[in-house]
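The file query_30.pdb contains PDB, C-alpha atoms:
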```
MODEL        1
ATOM      1  CA  MET A  19     121.819  52.055 130.893
ATOM      2  CA  ARG A  20     119.647  52.069 127.792
ATOM      3  CA  LYS A  21     118.531  55.683 127.490
ATOM      4  CA  ALA A  22     117.321  58.026 124.772
ATOM      5  CA  GLU A  23     115.974  61.543 124.392
ATOM      6  CA  ILE A  24     114.232  63.032 121.349
ATOM      7  CA  LYS A  25     112.604  66.416 120.754
ATOM      8  CA  ARG A  26     110.330  67.077 117.786
ATOM      9  CA  LYS A  27     108.698  70.383 116.890
ATOM     10  CA  THR A  28     106.272  70.939 114.019
ATOM     11  CA  LYS A  29     103.670  73.577 113.205
ATOM     12  CA  GLU A  30     101.144  71.316 114.965
ATOM     13  CA  THR A  31     102.930  69.964 118.042
ATOM     14  CA  SER A  32     105.968  70.138 120.278
ATOM     15  CA  VAL A  33     107.038  66.817 121.812
ATOM     16  CA  ALA A  34     109.991  66.110 124.116
ATOM     17  CA  ILE A  35     110.473  62.584 125.459
ATOM     18  CA  SER A  36     113.262  60.896 127.392
ATOM     19  CA  ILE A  37     113.325  57.274 128.479
ATOM     20  CA  ASN A  38     115.487  54.958 130.528
ATOM     21  CA  LEU A  39     114.611  51.349 129.737
ATOM     22  CA  ASP A  40     116.494  50.195 132.835
ATOM     23  CA  GLY A  41     114.754  52.570 135.215
ATOM     24  CA  SER A  42     112.418  52.109 138.169
ATOM     25  CA  GLY A  43     109.035  53.026 136.670
ATOM     26  CA  ALA A  44     109.250  56.734 137.468
ATOM     27  CA  SER A  45     107.282  59.056 135.205
ATOM     28  CA  GLU A  46     106.766  62.757 134.625
ATOM     29  CA  ILE A  47     104.055  63.112 131.995
ATOM     30  CA  ASP A  48     102.479  66.342 130.743
ATOM     31  CA  THR A  49     100.115  66.133 127.759
ATOM     32  CA  PRO A  50      96.965  68.104 126.879
ATOM     33  CA  PHE A  51      94.807  64.977 127.251
ATOM     34  CA  GLY A  52      94.240  63.374 130.635
ATOM     35  CA  MET A  53      93.641  59.894 129.247
ATOM     36  CA  LEU A  54      96.844  59.994 127.185
ATOM     37  CA  THR A  55      98.789  61.152 130.254
ATOM     38  CA  HIS A  56      97.257  58.349 132.323
ATOM     39  CA  MET A  57      98.103  55.696 129.700
ATOM     40  CA  LEU A  58     101.712  56.846 129.362
ATOM     41  CA  GLU A  59     102.005  56.600 133.149
ATOM     42  CA  GLN A  60     100.788  52.997 132.829
ATOM     43  CA  ILE A  61     103.553  52.228 130.330
ATOM     44  CA  ALA A  62     106.255  53.628 132.615
ATOM     45  CA  LYS A  63     104.956  51.902 135.743
ATOM     46  CA  HIS A  64     104.286  48.452 134.299
ATOM     47  CA  ALA A  65     107.277  48.301 131.937
ATOM     48  CA  VAL A  66     109.417  49.528 134.873
ATOM     49  CA  MET A  67     111.067  52.148 132.702
ATOM     50  CA  ASP A  68     111.570  55.825 133.457
ATOM     51  CA  LEU A  69     109.594  58.079 131.151
ATOM     52  CA  SER A  70     109.492  61.860 130.823
ATOM     53  CA  VAL A  71     107.007  63.340 128.340
ATOM     54  CA  LYS A  72     106.185  66.987 127.618
ATOM     55  CA  VAL A  73     103.672  67.598 124.822
ATOM     56  CA  THR A  74     101.838  70.678 123.592
ATOM     57  CA  GLY A  75      99.808  70.989 120.434
ATOM     58  CA  ASP A  76      96.874  72.223 118.439
ATOM     59  CA  ILE A  77      94.168  70.689 120.615
ATOM     60  CA  GLU A  78      91.517  72.792 118.895
ATOM     61  CA  THR A  79      91.742  70.316 115.999
ATOM     62  CA  GLY A  80      91.202  67.359 118.342
ATOM     63  CA  SER A  81      93.614  64.814 119.762
ATOM     64  CA  HIS A  82      94.950  63.249 116.549
ATOM     65  CA  HIS A  83      98.115  65.327 116.059
ATOM     66  CA  VAL A  84      99.112  65.177 119.727
ATOM     67  CA  VAL A  85      98.576  61.419 120.049
ATOM     68  CA  GLU A  86     100.237  60.567 116.737
ATOM     69  CA  ASP A  87     103.270  62.799 117.310
ATOM     70  CA  THR A  88     103.691  61.470 120.855
ATOM     71  CA  ALA A  89     103.767  57.929 119.451
ATOM     72  CA  ILE A  90     106.256  58.985 116.755
ATOM     73  CA  VAL A  91     108.688  60.371 119.322
ATOM     74  CA  LEU A  92     108.188  57.589 121.885
ATOM     75  CA  GLY A  93     108.752  54.998 119.172
ATOM     76  CA  GLY A  94     111.932  56.748 118.093
ATOM     77  CA  CYS A  95     113.173  56.839 121.691
ATOM     78  CA  ILE A  96     112.468  53.117 122.139
ATOM     79  CA  ASP A  97     114.305  52.276 118.921
ATOM     80  CA  LYS A  98     117.287  54.439 119.882
ATOM     81  CA  ALA A  99     117.468  53.120 123.456
ATOM     82  CA  LEU A 100     117.334  49.481 122.301
ATOM     83  CA  GLY A 101     120.393  50.086 120.104
ATOM     84  CA  ASP A 102     121.321  46.973 118.117
ATOM     85  CA  ARG A 103     118.987  44.961 120.419
ATOM     86  CA  SER A 104     121.731  42.505 121.264
ATOM     87  CA  GLY A 105     121.079  40.179 124.182
ATOM     88  CA  ILE A 106     117.362  40.955 124.555
ATOM     89  CA  GLU A 107     114.589  38.383 124.921
ATOM     90  CA  ARG A 108     113.035  39.946 121.795
ATOM     91  CA  MET A 109     109.604  38.223 121.796
ATOM     92  CA  ALA A 110     107.007  38.139 124.568
ATOM     93  CA  ASP A 111     103.303  38.114 125.304
ATOM     94  CA  SER A 112     100.979  39.040 128.173
ATOM     95  CA  THR A 113      97.279  38.821 128.895
ATOM     96  CA  VAL A 114      96.084  41.465 131.348
ATOM     97  CA  PRO A 115      92.672  42.002 132.986
ATOM     98  CA  LEU A 116      91.072  45.132 134.343
ATOM     99  CA  ASP A 117      87.791  44.129 135.935
ATOM    100  CA  GLU A 118      85.619  42.833 133.059
ATOM    101  CA  ALA A 119      88.154  43.803 130.359
ATOM    102  CA  LEU A 120      90.811  41.385 129.147
ATOM    103  CA  SER A 121      93.508  42.199 126.575
ATOM    104  CA  ARG A 122      96.367  40.245 125.057
ATOM    105  CA  VAL A 123      99.506  41.822 123.570
ATOM    106  CA  VAL A 124     102.257  39.958 121.710
ATOM    107  CA  LEU A 125     105.471  41.759 120.702
ATOM    108  CA  ASP A 126     108.518  41.078 118.575
ATOM    109  CA  LEU A 127     111.321  43.606 118.914
ATOM    110  CA  GLY A 128     112.839  42.136 115.759
ATOM    111  CA  GLY A 129     113.539  45.410 113.984
ATOM    112  CA  ARG A 130     110.567  45.457 111.619
ATOM    113  CA  GLY A 131     107.518  47.607 112.275
ATOM    114  CA  TYR A 132     104.236  45.747 111.937
ATOM    115  CA  HIS A 133     100.856  46.000 113.623
ATOM    116  CA  SER A 134      97.756  43.851 113.907
ATOM    117  CA  ILE A 135      95.474  45.661 116.317
ATOM    118  CA  ASP A 136      91.953  44.682 117.337
ATOM    119  CA  ILE A 137      90.615  47.455 119.573
ATOM    120  CA  SER A 138      86.945  47.988 118.901
ATOM    121  CA  PRO A 139      85.744  50.851 121.154
ATOM    122  CA  SER A 140      84.886  53.993 119.238
ATOM    123  CA  ASN A 141      83.590  56.512 121.748
ATOM    124  CA  GLN A 142      85.111  59.234 123.931
ATOM    125  CA  ILE A 143      86.809  58.877 127.291
ATOM    126  CA  GLY A 144      86.744  62.483 128.428
ATOM    127  CA  ASP A 145      88.623  64.361 125.709
ATOM    128  CA  PHE A 146      90.189  61.206 124.249
ATOM    129  CA  PRO A 147      88.547  59.336 121.328
ATOM    130  CA  THR A 148      89.195  55.669 122.036
ATOM    131  CA  ASP A 149      90.062  54.914 118.399
ATOM    132  CA  MET A 150      93.196  56.999 119.017
ATOM    133  CA  ALA A 151      94.513  54.154 121.193
ATOM    134  CA  ARG A 152      94.574  51.962 118.093
ATOM    135  CA  HIS A 153      96.334  54.686 116.087
ATOM    136  CA  PHE A 154      98.841  55.258 118.905
ATOM    137  CA  PHE A 155      99.990  51.630 118.705
ATOM    138  CA  GLU A 156      99.980  51.582 114.892
ATOM    139  CA  THR A 157     102.338  54.565 114.874
ATOM    140  CA  LEU A 158     104.439  53.214 117.749
ATOM    141  CA  ALA A 159     104.962  49.904 115.912
ATOM    142  CA  VAL A 160     106.371  51.632 112.829
ATOM    143  CA  GLU A 161     108.592  54.127 114.658
ATOM    144  CA  SER A 162     109.999  51.658 117.213
ATOM    145  CA  ARG A 163     110.507  48.943 114.593
ATOM    146  CA  MET A 164     108.564  46.335 116.537
ATOM    147  CA  ALA A 165     105.706  44.015 115.628
ATOM    148  CA  ILE A 166     102.694  44.683 117.857
ATOM    149  CA  HIS A 167      99.727  42.320 117.979
ATOM    150  CA  ILE A 168      96.820  43.421 120.183
ATOM    151  CA  LYS A 169      93.596  41.511 120.772
ATOM    152  CA  VAL A 170      90.865  42.695 123.137
ATOM    153  CA  LEU A 171      89.364  39.452 124.418
ATOM    154  CA  SER A 172      86.501  40.949 126.425
ATOM    155  CA  GLY A 173      85.284  44.165 127.992
ATOM    156  CA  LYS A 174      82.378  46.600 128.086
ATOM    157  CA  ASN A 175      83.747  49.661 129.876
ATOM    158  CA  GLU A 176      85.892  51.526 127.364
ATOM    159  CA  HIS A 177      88.237  52.978 129.974
ATOM    160  CA  HIS A 178      88.882  49.465 131.310
ATOM    161  CA  VAL A 179      89.455  48.093 127.799
ATOM    162  CA  ILE A 180      91.963  50.770 126.802
ATOM    163  CA  GLU A 181      93.785  50.648 130.134
ATOM    164  CA  SER A 182      94.068  46.853 129.995
ATOM    165  CA  VAL A 183      95.612  47.204 126.505
ATOM    166  CA  PHE A 184      98.215  49.729 127.669
ATOM    167  CA  LYS A 185      99.064  47.650 130.741
ATOM    168  CA  ALA A 186      99.374  44.506 128.618
ATOM    169  CA  PHE A 187     101.663  46.368 126.217
ATOM    170  CA  ALA A 188     103.825  47.571 129.109
ATOM    171  CA  LYS A 189     104.105  44.122 130.724
ATOM    172  CA  THR A 190     104.957  42.545 127.367
ATOM    173  CA  PHE A 191     107.510  45.210 126.465
ATOM    174  CA  LYS A 192     109.183  44.723 129.857
ATOM    175  CA  LYS A 193     109.650  41.018 129.090
ATOM    176  CA  ALA A 194     110.732  41.484 125.456
ATOM    177  CA  MET A 195     113.352  44.150 126.206
ATOM    178  CA  ARG A 196     114.828  42.203 129.143
ATOM    179  CA  VAL A 197     118.470  41.308 128.669
ATOM    180  CA  ASP A 198     119.049  37.533 128.759
ATOM    181  CA  LYS A 199     122.485  36.879 130.243
ATOM    182  CA  ASN A 200     122.543  33.457 128.565
ATOM    183  CA  LEU A 201     122.614  35.178 125.169
ATOM    184  CA  ASP A 202     125.959  36.753 126.133
ATOM    185  CA  GLY A 203     125.193  39.898 124.139
ATOM    186  CA  SER A 204     124.468  38.086 120.888
ATOM    187  CA  ILE A 205     121.782  39.191 118.427
ATOM    188  CA  PRO A 206     118.587  37.166 119.046
ATOM    189  CA  SER A 207     118.230  36.021 115.411
ATOM    190  CA  THR A 208     119.591  33.213 113.271
ATOM    191  CA  LYS A 209     120.380  35.909 110.675
ATOM    192  CA  ASP A 210     122.721  37.594 113.180
ATOM    193  CA  THR A 211     120.965  40.892 112.530
ATOM    194  CA  LEU A 212     117.659  42.475 113.446
ATOM    195  CA  SER A 213     116.192  44.453 110.544
TER     196      SER A 213
ENDMDL
END
```
Could you write out this structure as structure tokens?
Amino acid sequence: MRKAEIKRKTKETSVAISINLDGSGASEIDTPFGMLTHMLEQIAKHAVMDLSVKVTGDIETGSHHVVEDTAIVLGGCIDKALGDRSGIERMADSTVPLDEALSRVVLDLGGRGYHSIDISPSNQIGDFPTDMARHFFETLAVESRMAIHIKVLSGKNEHHVIESVFKAFAKTFKKAMRVDKNLDGSIPSTKDTLS
């Protein structure tokens, strides 16, 4: 089983995350921001991976530190759980609707962090500024060493837009991390290494 657990404590936040990439979609998420909790639940459910997240932080300064540090630790867990990434599909894409919203996510788990993210909403969903969704994925790309391309194709309701992005990420990650038995454990690169 591809599992990882990382704890990170700073003067601003305390983050503890464990994942099982070969899980059943179970999640136990506790963050100070309801929208962040909801979106992490989407990742677990639609990537069909088990995810446990416990986050506390200096919410009086806003959501930035909590969201960024959560992405740092989750990205580290993903990188650790993927190991040398041998035998995985590596690249995948998904387009996911949520009512009027439509988002496309393309991933490459090739070992190099890169992000091209087009999420335009810039308001609040409860206590969650929607531009933090963009920053979450920027940070996740670097820490997990994956290329993340996100394009919001349509949508007016900001909750629908952000949720369709997280679901599209989850569905795409599920495909990209899948082990291809035909690869017989080999590294999915002509260079014979992913980095």
Could you work out how far atom CA of Ile168 of chain A lies from atom CA of Asp117 of chain A, giving the answer in Å with one decimal?
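Between these atoms lies a distance of 18.2 Å.
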Would you place a box with edges along x, y and z of the file around all atoms of segment 125-129 of chain A listed there, add 8 Å to each of its six sides, and report the centre and edge lengths in Å to one decimal, as lines of an AutoDock Vina configuration file?
```
center_x = 109.5
center_y = 43.2
center_z = 117.3
size_x = 24.1
size_y = 20.3
size_z = 22.7
```
Sel. within 9 Å of pt (110.5, 57.6, 135.1), counting all atoms listed in the file, output as a PyMOL selection string
chain A and resi 36-38+41-46+59+62-63+66-70
For the contact check between segment 125-167 of chain A and segment 75-97 of chain A, emit one row per residue of segment 125-167 of chain A within 6 Å, containing the shortest atom pair and the distance in Å rounded to one decimal, counting all atoms listed in the file, chain then rising number order, as CSV.
```
residue,atom,partner,partner_atom,distance
A:Phe154,CA,A:Ala89,CA,5.6
A:Thr157,CA,A:Ala89,CA,5.9
A:Leu158,CA,A:Gly93,CA,4.9
A:Glu161,CA,A:Gly93,CA,4.6
A:Ser162,CA,A:Gly93,CA,4.1
```
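Picture a line from atom CA of Leu54 of chain A to atom CA of Gln142 of chain A; it runs 12.2 Å.
Using all atoms listed in the file, the shortest contact distance between Ser138 of chain A and any of A:Val179, A:Val114, A:Ala188, A:Ala65 is found at A:Val179.
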Expand the PyMOL selection byres ((chain A and resi 182) around 6) into the explicit residue set it covers here, and present it as a PyMOL selection string.
chain A and resi 114-116+121+178-181+183-186
Kindly resolve the PyMOL selection byres ((chain A and resi 140) around 10) on the present coordinates and return the residues as an mmCIF file with C-alpha atoms, in the frame of the given file.
```cif
data_model
loop_
_atom_site.group_PDB
_atom_site.id
_atom_site.type_symbol
_atom_site.label_atom_id
_atom_site.label_comp_id
_atom_site.auth_asym_id
_atom_site.auth_seq_id
_atom_site.Cartn_x
_atom_site.Cartn_y
_atom_site.Cartn_z
ATOM 1 C CA ILE A 137 90.615 47.455 119.573
ATOM 2 C CA SER A 138 86.945 47.988 118.901
ATOM 3 C CA PRO A 139 85.744 50.851 121.154
ATOM 4 C CA ASN A 141 83.590 56.512 121.748
ATOM 5 C CA GLN A 142 85.111 59.234 123.931
ATOM 6 C CA ILE A 143 86.809 58.877 127.291
ATOM 7 C CA PRO A 147 88.547 59.336 121.328
ATOM 8 C CA THR A 148 89.195 55.669 122.036
ATOM 9 C CA ASP A 149 90.062 54.914 118.399
ATOM 10 C CA MET A 150 93.196 56.999 119.017
ATOM 11 C CA ALA A 151 94.513 54.154 121.193
ATOM 12 C CA ARG A 152 94.574 51.962 118.093
ATOM 13 C CA GLU A 176 85.892 51.526 127.364
#
```
Mind checking which residues fall within 7 Å of segment 47-51 of chain A, counting only C-alpha atoms, ignoring those fewer than 3 positions away in the same chain, and posting them as a ChimeraX atom specification?
/A:54-55,59,70-74,145-146
Any chance you could resolve the PyMOL selection byres ((chain A and resi 195) around 9) against this file and give the residues as an mmCIF file with C-alpha atoms, in the frame of the given file?
```
data_model
loop_
_atom_site.group_PDB
_atom_site.id
_atom_site.type_symbol
_atom_site.label_atom_id
_atom_site.label_comp_id
_atom_site.auth_asym_id
_atom_site.auth_seq_id
_atom_site.Cartn_x
_atom_site.Cartn_y
_atom_site.Cartn_z
ATOM 1 C CA LEU A 39 114.611 51.349 129.737
ATOM 2 C CA LEU A 100 117.334 49.481 122.301
ATOM 3 C CA ARG A 103 118.987 44.961 120.419
ATOM 4 C CA GLY A 105 121.079 40.179 124.182
ATOM 5 C CA ILE A 106 117.362 40.955 124.555
ATOM 6 C CA GLU A 107 114.589 38.383 124.921
ATOM 7 C CA ARG A 108 113.035 39.946 121.795
ATOM 8 C CA MET A 109 109.604 38.223 121.796
ATOM 9 C CA ALA A 110 107.007 38.139 124.568
ATOM 10 C CA LEU A 127 111.321 43.606 118.914
ATOM 11 C CA THR A 190 104.957 42.545 127.367
ATOM 12 C CA PHE A 191 107.510 45.210 126.465
ATOM 13 C CA LYS A 192 109.183 44.723 129.857
ATOM 14 C CA LYS A 193 109.650 41.018 129.090
ATOM 15 C CA ALA A 194 110.732 41.484 125.456
ATOM 16 C CA ARG A 196 114.828 42.203 129.143
ATOM 17 C CA VAL A 197 118.470 41.308 128.669
#
```
Record the distance separating atom CA of Asp102 of chain A and atom CA of Gly131 of chain A, expressed in Å with one decimal.
15.0 Å
For each of A:Lys174, A:Phe155, A:Leu201, A:Lys27, take the minimum atom-to-atom distance to Met57 of chain A, counting all atoms listed in the file, then give the residue where this is smallest.
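For Met57 of chain A, the nearest of the candidates is A:Phe155.
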Could you name the residues that touch Tyr132 of chain A at 7 Å or less, counting all atoms listed in the file, but leaving out those on the same chain fewer than 4 positions away, as an mmCIF file with C-alpha atoms, in the frame of the given file?
```
data_model
loop_
_atom_site.group_PDB
_atom_site.id
_atom_site.type_symbol
_atom_site.label_atom_id
_atom_site.label_comp_id
_atom_site.auth_asym_id
_atom_site.auth_seq_id
_atom_site.Cartn_x
_atom_site.Cartn_y
_atom_site.Cartn_z
ATOM 1 C CA ALA A 159 104.962 49.904 115.912
ATOM 2 C CA VAL A 160 106.371 51.632 112.829
ATOM 3 C CA MET A 164 108.564 46.335 116.537
ATOM 4 C CA ALA A 165 105.706 44.015 115.628
ATOM 5 C CA ILE A 166 102.694 44.683 117.857
#
```
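With all atoms listed in the file as the basis for measurement, A:Gly129 is the residue among A:Met53, A:Val170, A:Gly129, A:Phe187 that approaches Lys98 of chain A most closely.
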Counting all atoms listed in the file, the residue of A:His153, A:Asn200, A:Ser172, A:Lys189 that sits nearest Val123 of chain A
A:Lys189
